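Colleague: Below is a structure I'd like to ask you about.
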Amino acid sequence: DTEVTQTPKHLVMGMTNKKSLKCEQHMGHRAMYWYKQKAKKPPELMFVYSYEKLSINESVPSRFSPECPNSSLLNLHLHALQPEDSALYLCASSHGILSGANVLTFGAGSRLTVL
Amino acid sequence: SQKIEQNSEALNIQEGKTATLTCNYTNYSPAYLQWYRQDPGRGPVFLLLIRENEKEKRKERLKVTFDTTLKQSLFHITASQPADSATYLCAPIQNTGFQKLVFGTGTRLLVSP
(Lines give C-alpha, C1' and ligand atoms only; values in the text may rest on other atoms or scores of the structure.)
Protein backbone atom coordinates (compact mmCIF):
# COMPACT_ATOMS: atom_id res chain seq x y z
CA ASP A 1 0.00 0.00 0.00
CA THR A 2 1.70 3.20 -1.17
CA GLU A 3 -1.12 5.61 -0.50
CA VAL A 4 -2.05 8.36 1.87
CA THR A 5 -5.81 8.52 2.30
CA GLN A 6 -7.55 11.72 3.38
CA THR A 7 -11.16 12.12 4.43
CA PRO A 8 -13.39 13.88 3.76
CA LYS A 9 -12.57 15.05 0.25
CA HIS A 10 -14.77 18.11 0.70
CA LEU A 11 -15.93 19.83 3.88
CA VAL A 12 -18.12 22.88 4.31
CA MET A 13 -18.39 24.31 7.80
CA GLY A 14 -19.63 27.38 9.59
CA MET A 15 -17.40 29.54 11.74
CA THR A 16 -18.88 28.09 14.94
CA ASN A 17 -18.61 24.43 13.92
CA LYS A 18 -16.12 21.85 15.15
CA LYS A 19 -14.94 19.37 12.55
CA SER A 20 -11.95 17.14 11.87
CA LEU A 21 -9.87 16.14 8.89
CA LYS A 22 -8.42 12.64 8.87
CA CYS A 23 -5.37 11.12 7.26
CA GLU A 24 -4.19 7.50 7.17
CA GLN A 25 -1.15 5.72 5.76
CA HIS A 26 -0.01 2.10 5.93
CA MET A 27 3.48 2.43 4.50
CA GLY A 28 5.20 2.17 7.88
CA HIS A 29 6.19 5.84 7.70
CA ARG A 30 7.03 7.43 11.04
CA ALA A 31 6.66 11.09 10.02
CA MET A 32 3.39 12.76 9.09
CA TYR A 33 2.67 16.29 7.93
CA TRP A 34 -0.13 18.78 7.44
CA TYR A 35 0.13 21.39 4.70
CA LYS A 36 -2.30 24.14 3.75
CA GLN A 37 -2.62 25.29 0.14
CA LYS A 38 -4.42 28.35 -1.15
CA ALA A 39 -5.27 28.78 -4.83
CA LYS A 40 -2.25 29.40 -7.10
CA LYS A 41 0.16 29.16 -4.14
CA PRO A 42 2.52 26.37 -3.09
CA PRO A 43 1.63 24.15 -0.12
CA GLU A 44 2.61 25.75 3.21
CA LEU A 45 3.86 23.57 6.03
CA MET A 46 1.69 23.62 9.17
CA PHE A 47 2.71 20.71 11.42
CA VAL A 48 5.12 17.79 11.46
CA TYR A 49 4.84 14.70 13.65
CA SER A 50 7.69 12.29 14.13
CA TYR A 51 7.09 9.02 15.98
CA GLU A 52 3.69 10.37 17.06
CA LYS A 53 5.20 13.44 18.71
CA LEU A 54 4.72 16.98 17.43
CA SER A 55 8.13 18.07 16.15
CA ILE A 56 7.33 21.19 14.16
CA ASN A 57 4.53 23.74 14.52
CA GLU A 58 4.88 26.56 12.04
CA SER A 59 3.17 29.11 14.31
CA VAL A 60 -0.26 27.89 13.29
CA PRO A 61 -3.27 29.52 15.07
CA SER A 62 -4.73 27.44 17.88
CA ARG A 63 -8.03 27.04 16.04
CA PHE A 64 -6.14 24.26 14.19
CA SER A 65 -5.31 21.41 16.55
CA PRO A 66 -3.35 18.41 15.24
CA GLU A 67 -3.41 14.96 16.76
CA CYS A 68 -1.46 11.81 15.97
CA PRO A 69 -3.18 8.89 17.76
CA ASN A 70 -0.77 6.34 16.29
CA SER A 71 1.87 6.09 13.61
CA SER A 72 -0.70 5.45 10.87
CA LEU A 73 -3.22 8.16 11.69
CA LEU A 74 -3.14 11.94 11.70
CA ASN A 75 -6.05 14.22 12.48
CA LEU A 76 -6.54 17.95 12.20
CA HIS A 77 -9.24 19.29 14.49
CA LEU A 78 -10.89 22.50 13.35
CA HIS A 79 -12.74 24.93 15.58
CA ALA A 80 -13.89 28.54 15.18
CA LEU A 81 -12.33 28.87 11.76
CA GLN A 82 -12.45 31.98 9.63
CA PRO A 83 -13.45 32.22 5.95
CA GLU A 84 -9.78 32.88 5.08
CA ASP A 85 -8.99 29.39 6.36
CA SER A 86 -10.76 27.97 3.32
CA ALA A 87 -8.11 26.02 1.42
CA LEU A 88 -6.92 22.59 0.32
CA TYR A 89 -5.45 20.75 3.31
CA LEU A 90 -2.85 18.19 2.38
CA CYS A 91 -1.54 15.36 4.50
CA ALA A 92 1.79 13.71 3.74
CA SER A 93 4.04 11.05 5.23
CA SER A 94 7.69 10.06 4.99
CA HIS A 95 10.07 7.52 6.52
CA GLY A 96 11.46 10.10 8.90
CA ILE A 97 12.48 13.72 9.31
CA LEU A 98 16.19 13.50 9.99
CA SER A 99 17.35 13.37 6.39
CA GLY A 100 16.60 15.52 3.38
CA ALA A 101 16.63 12.31 1.36
CA ASN A 102 13.24 11.43 2.84
CA VAL A 103 10.62 12.06 0.20
CA LEU A 104 7.02 12.87 0.98
CA THR A 105 3.98 10.93 -0.17
CA PHE A 106 0.94 13.18 -0.28
CA GLY A 107 -2.74 12.47 -0.04
CA ALA A 108 -5.24 13.95 -2.49
CA GLY A 109 -6.25 16.60 0.01
CA SER A 110 -9.38 17.78 1.79
CA ARG A 111 -11.02 20.86 0.28
CA LEU A 112 -12.30 22.99 3.16
CA THR A 113 -14.79 25.83 2.76
CA VAL A 114 -15.58 28.00 5.78
CA LEU A 115 -18.77 30.02 5.49
CA SER B 1 15.31 35.52 5.08
CA GLN B 2 15.19 32.28 3.12
CA LYS B 3 13.63 32.41 -0.32
CA ILE B 4 12.90 29.81 -2.96
CA GLU B 5 11.91 31.28 -6.30
CA GLN B 6 10.72 29.59 -9.44
CA ASN B 7 9.62 31.02 -12.79
CA SER B 8 6.65 33.14 -11.75
CA GLU B 9 4.98 33.11 -15.13
CA ALA B 10 3.49 30.00 -16.67
CA LEU B 11 5.77 28.29 -19.15
CA ASN B 12 4.09 27.54 -22.48
CA ILE B 13 5.84 25.18 -24.87
CA GLN B 14 4.98 23.01 -27.83
CA GLU B 15 4.79 19.27 -27.68
CA GLY B 16 8.11 17.63 -28.44
CA LYS B 17 10.23 20.53 -27.18
CA THR B 18 12.34 20.56 -24.02
CA ALA B 19 10.91 22.42 -21.04
CA THR B 20 13.41 23.98 -18.63
CA LEU B 21 12.23 25.10 -15.21
CA THR B 22 14.36 27.09 -12.78
CA CYS B 23 14.61 26.98 -9.00
CA ASN B 24 16.70 29.68 -7.32
CA TYR B 25 17.25 29.83 -3.59
CA THR B 26 18.79 32.39 -1.23
CA ASN B 27 19.97 32.06 2.36
CA TYR B 28 19.92 28.29 2.03
CA SER B 29 22.72 25.76 1.99
CA PRO B 30 20.77 22.72 0.91
CA ALA B 31 22.25 19.26 1.05
CA TYR B 32 19.32 17.95 -1.04
CA LEU B 33 16.86 19.33 -3.50
CA GLN B 34 13.59 17.61 -4.36
CA TRP B 35 11.22 18.18 -7.28
CA TYR B 36 7.51 17.44 -7.22
CA ARG B 37 4.70 17.63 -9.72
CA GLN B 38 1.22 18.82 -8.76
CA ASP B 39 -1.95 18.51 -10.82
CA PRO B 40 -4.93 20.80 -10.06
CA GLY B 41 -6.81 19.75 -6.93
CA ARG B 42 -4.36 16.93 -6.15
CA GLY B 43 -1.43 16.50 -3.79
CA PRO B 44 2.16 16.88 -5.06
CA VAL B 45 3.88 13.78 -6.38
CA PHE B 46 7.62 13.23 -5.89
CA LEU B 47 9.68 13.15 -9.09
CA LEU B 48 13.41 13.43 -8.40
CA LEU B 49 15.92 14.07 -5.63
CA ILE B 50 19.42 15.38 -6.15
CA ARG B 51 22.19 15.63 -3.55
CA GLU B 52 24.62 18.54 -3.20
CA ASN B 53 27.52 16.40 -4.43
CA GLU B 54 25.63 15.38 -7.57
CA LYS B 55 25.71 17.67 -10.56
CA GLU B 56 22.98 15.94 -12.51
CA LYS B 57 20.30 13.28 -12.07
CA ARG B 58 18.16 11.64 -14.75
CA LYS B 59 14.98 9.62 -14.80
CA GLU B 60 13.46 8.74 -18.15
CA ARG B 61 12.66 12.10 -19.85
CA LEU B 62 13.49 14.11 -16.73
CA LYS B 63 16.82 15.66 -15.84
CA VAL B 64 17.73 17.76 -12.82
CA THR B 65 20.91 19.75 -12.28
CA PHE B 66 22.12 21.30 -9.04
CA ASP B 67 24.62 24.15 -8.94
CA THR B 68 25.45 25.06 -5.34
CA THR B 69 27.66 27.95 -6.50
CA LEU B 70 24.86 29.59 -8.46
CA LYS B 71 22.32 28.45 -5.82
CA GLN B 72 20.16 27.07 -8.58
CA SER B 73 18.55 23.88 -9.79
CA LEU B 74 17.28 23.34 -13.33
CA PHE B 75 14.58 20.82 -14.17
CA HIS B 76 14.34 19.62 -17.76
CA ILE B 77 11.60 17.62 -19.45
CA THR B 78 12.67 16.41 -22.89
CA ALA B 79 10.24 15.46 -25.66
CA SER B 80 7.47 17.13 -23.66
CA GLN B 81 3.89 15.90 -23.96
CA PRO B 82 0.53 17.54 -23.13
CA ALA B 83 0.31 15.09 -20.20
CA ASP B 84 3.35 16.87 -18.69
CA SER B 85 1.19 19.97 -18.15
CA ALA B 86 1.15 20.58 -14.40
CA THR B 87 2.72 22.74 -11.71
CA TYR B 88 6.25 21.79 -10.75
CA LEU B 89 7.55 22.53 -7.26
CA CYS B 90 11.12 22.50 -5.99
CA ALA B 91 12.16 22.07 -2.37
CA PRO B 92 15.76 22.64 -1.24
CA ILE B 93 16.45 20.95 2.09
CA GLN B 94 19.21 21.76 4.56
CA ASN B 95 20.85 18.98 6.51
CA THR B 96 20.45 20.40 9.99
CA GLY B 97 18.06 19.29 12.69
CA PHE B 98 14.56 18.30 11.71
CA GLN B 99 14.06 18.41 7.97
CA LYS B 100 11.35 20.81 6.90
CA LEU B 101 10.23 20.42 3.32
CA VAL B 102 9.35 23.95 2.19
CA PHE B 103 8.29 24.43 -1.41
CA GLY B 104 9.25 27.08 -3.90
CA THR B 105 6.65 29.27 -5.56
CA GLY B 106 6.02 26.67 -8.28
CA THR B 107 6.02 26.90 -12.08
CA ARG B 108 2.96 26.06 -14.14
CA LEU B 109 3.92 24.24 -17.33
CA LEU B 110 1.53 24.12 -20.28
CA VAL B 111 2.44 21.82 -23.18
CA SER B 112 0.30 22.36 -26.24
CA PRO B 113 -0.17 19.75 -28.98
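We label chains A, B, ... in the order they appear in the C-alpha coordinates, count residues from 1 in each chain, and number ligands from 1 in the order shown.
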Up to 7 Å from chain B, what residues of chain A turn up? Count only C-alpha atoms and give them as a list in words.
Modeller: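 Every residue meeting the condition is included here: Lys41, Pro42, Pro43, Leu45, Leu90, Ile97, Leu98, Ser99, Gly100, Ala101, Val103, Leu104, Thr105, Phe106, Gly107, Ala108 and Gly109 of chain A.
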Colleague: Produce a file of the selected residues containing N, CA, C and O atoms, as an mmCIF file, in the first residue's frame.
Modeller:
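Below you can see result20.cif, which holds the result:
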data_model
loop_
_atom_site.group_PDB
_atom_site.id
_atom_site.type_symbol
_atom_site.label_atom_id
_atom_site.label_comp_id
_atom_site.auth_asym_id
_atom_site.auth_seq_id
_atom_site.Cartn_x
_atom_site.Cartn_y
_atom_site.Cartn_z
ATOM 1 N N LYS A 41 -0.990 29.038 -5.039
ATOM 2 C CA LYS A 41 0.159 29.159 -4.138
ATOM 3 C C LYS A 41 0.726 27.772 -3.863
ATOM 4 O O LYS A 41 0.006 26.781 -4.008
ATOM 5 N N PRO A 42 1.987 27.691 -3.445
ATOM 6 C CA PRO A 42 2.521 26.374 -3.086
ATOM 7 C C PRO A 42 1.972 25.913 -1.737
ATOM 8 O O PRO A 42 1.489 26.748 -0.951
ATOM 9 N N PRO A 43 2.042 24.626 -1.450
ATOM 10 C CA PRO A 43 1.633 24.150 -0.124
ATOM 11 C C PRO A 43 2.517 24.783 0.950
ATOM 12 O O PRO A 43 3.734 24.920 0.770
ATOM 13 N N LEU A 45 3.749 24.512 4.919
ATOM 14 C CA LEU A 45 3.855 23.573 6.028
ATOM 15 C C LEU A 45 3.158 24.115 7.271
ATOM 16 O O LEU A 45 3.317 25.287 7.619
ATOM 17 N N LEU A 90 -3.562 19.361 2.856
ATOM 18 C CA LEU A 90 -2.853 18.188 2.378
ATOM 19 C C LEU A 90 -2.147 17.494 3.527
ATOM 20 O O LEU A 90 -1.482 18.141 4.338
ATOM 21 N N ILE A 97 12.252 12.280 9.530
ATOM 22 C CA ILE A 97 12.478 13.716 9.307
ATOM 23 C C ILE A 97 13.915 14.125 9.584
ATOM 24 O O ILE A 97 14.220 15.303 9.722
ATOM 25 N N LEU A 98 14.808 13.151 9.667
ATOM 26 C CA LEU A 98 16.187 13.497 9.989
ATOM 27 C C LEU A 98 17.102 13.500 8.782
ATOM 28 O O LEU A 98 18.301 13.644 8.913
ATOM 29 N N SER A 99 16.536 13.326 7.590
ATOM 30 C CA SER A 99 17.354 13.369 6.385
ATOM 31 C C SER A 99 16.577 14.018 5.269
ATOM 32 O O SER A 99 15.404 13.712 5.063
ATOM 33 N N GLY A 100 17.247 14.897 4.529
ATOM 34 C CA GLY A 100 16.605 15.522 3.380
ATOM 35 C C GLY A 100 16.378 14.552 2.244
ATOM 36 O O GLY A 100 15.748 14.913 1.250
ATOM 37 N N ALA A 101 16.886 13.321 2.386
ATOM 38 C CA ALA A 101 16.633 12.311 1.360
ATOM 39 C C ALA A 101 15.267 11.663 1.538
ATOM 40 O O ALA A 101 14.829 10.897 0.692
ATOM 41 N N VAL A 103 11.576 11.418 1.095
ATOM 42 C CA VAL A 103 10.615 12.056 0.199
ATOM 43 C C VAL A 103 9.221 11.910 0.793
ATOM 44 O O VAL A 103 8.947 10.983 1.560
ATOM 45 N N LEU A 104 8.363 12.849 0.438
ATOM 46 C CA LEU A 104 7.019 12.865 0.984
ATOM 47 C C LEU A 104 6.037 12.218 0.016
ATOM 48 O O LEU A 104 6.109 12.452 -1.198
ATOM 49 N N THR A 105 5.123 11.452 0.573
ATOM 50 C CA THR A 105 3.981 10.926 -0.168
ATOM 51 C C THR A 105 2.751 11.680 0.307
ATOM 52 O O THR A 105 2.459 11.693 1.513
ATOM 53 N N PHE A 106 2.082 12.343 -0.621
ATOM 54 C CA PHE A 106 0.939 13.179 -0.279
ATOM 55 C C PHE A 106 -0.376 12.468 -0.541
ATOM 56 O O PHE A 106 -0.493 11.649 -1.461
ATOM 57 N N GLY A 107 -1.378 12.842 0.248
ATOM 58 C CA GLY A 107 -2.741 12.467 -0.042
ATOM 59 C C GLY A 107 -3.332 13.415 -1.079
ATOM 60 O O GLY A 107 -2.680 14.380 -1.505
ATOM 61 N N ALA A 108 -4.573 13.133 -1.477
ATOM 62 C CA ALA A 108 -5.243 13.946 -2.494
ATOM 63 C C ALA A 108 -5.784 15.252 -1.926
ATOM 64 O O ALA A 108 -6.163 16.151 -2.673
ATOM 65 N N GLY A 109 -5.826 15.353 -0.608
ATOM 66 C CA GLY A 109 -6.249 16.602 0.006
ATOM 67 C C GLY A 109 -7.704 16.623 0.427
ATOM 68 O O GLY A 109 -8.533 15.835 -0.061
#
Colleague: As an MDAnalysis selection string, which residues of chain B does DSSP assign to strand (DSSP E)?
Modeller: chainID B and resid 3:6 11:14 19:26 32:38 45:51 56:59 62:67 72:77 86:93 107:112
Colleague: Of the residues A:Val114, A:Leu76, A:Ala87, A:Met46, which is the one nearest to A:Lys22, using only C-alpha atoms?
Modeller: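 Ranked by minimum distance to A:Lys22, first place goes to A:Leu76.
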Colleague: One decimal, Å: what's the distance from atom CA of B:Asn53 over to atom CA of A:His29, could you say?
Modeller: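 Separating atom CA of B:Asn53 from atom CA of A:His29 is a distance of 26.7 Å.
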Colleague: Can you pull out every residue within 8 Å of B:Thr68, counting only C-alpha atoms, but drop anything in the same chain fewer than 4 positions away, and send it as a PDB file with N, CA and C atoms, in the first residue's frame?
Modeller:
ATOM      1  N   SER B  29      21.594  26.607   2.390  1.00  0.00           N
ATOM      2  CA  SER B  29      22.725  25.762   1.993  1.00  0.00           C
ATOM      3  C   SER B  29      22.199  24.337   1.951  1.00  0.00           C
ATOM      4  N   GLU B  52      23.728  17.401  -2.932  1.00  0.00           N
ATOM      5  CA  GLU B  52      24.625  18.536  -3.203  1.00  0.00           C
ATOM      6  C   GLU B  52      25.895  18.107  -3.923  1.00  0.00           C
ATOM      7  N   GLN B  72      21.204  27.270  -7.586  1.00  0.00           N
ATOM      8  CA  GLN B  72      20.160  27.070  -8.577  1.00  0.00           C
ATOM      9  C   GLN B  72      20.041  25.598  -8.957  1.00  0.00           C
TER      10      GLN B  72
END
Colleague: In Å, with one decimal, what is the gap from atom CA of A:Asn70 to atom CA of A:Asn57?
Modeller: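 Going from atom CA of A:Asn70 over to atom CA of A:Asn57 covers 18.3 Å.
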Colleague: When you count only C-alpha atoms, which of these residues is closest to A:Tyr51: A:His10, A:Lys19, A:His95, A:His79?
Modeller: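 For A:Tyr51, the nearest of the given residues is A:His95.
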Colleague: Would you please work out which residue, of A:Ser65, A:Ser71, A:Ser55, A:Gln37, is nearest to A:Arg111 when using only C-alpha atoms?
Modeller: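 Residue with the minimum atom-to-atom distance to A:Arg111: A:Gln37.
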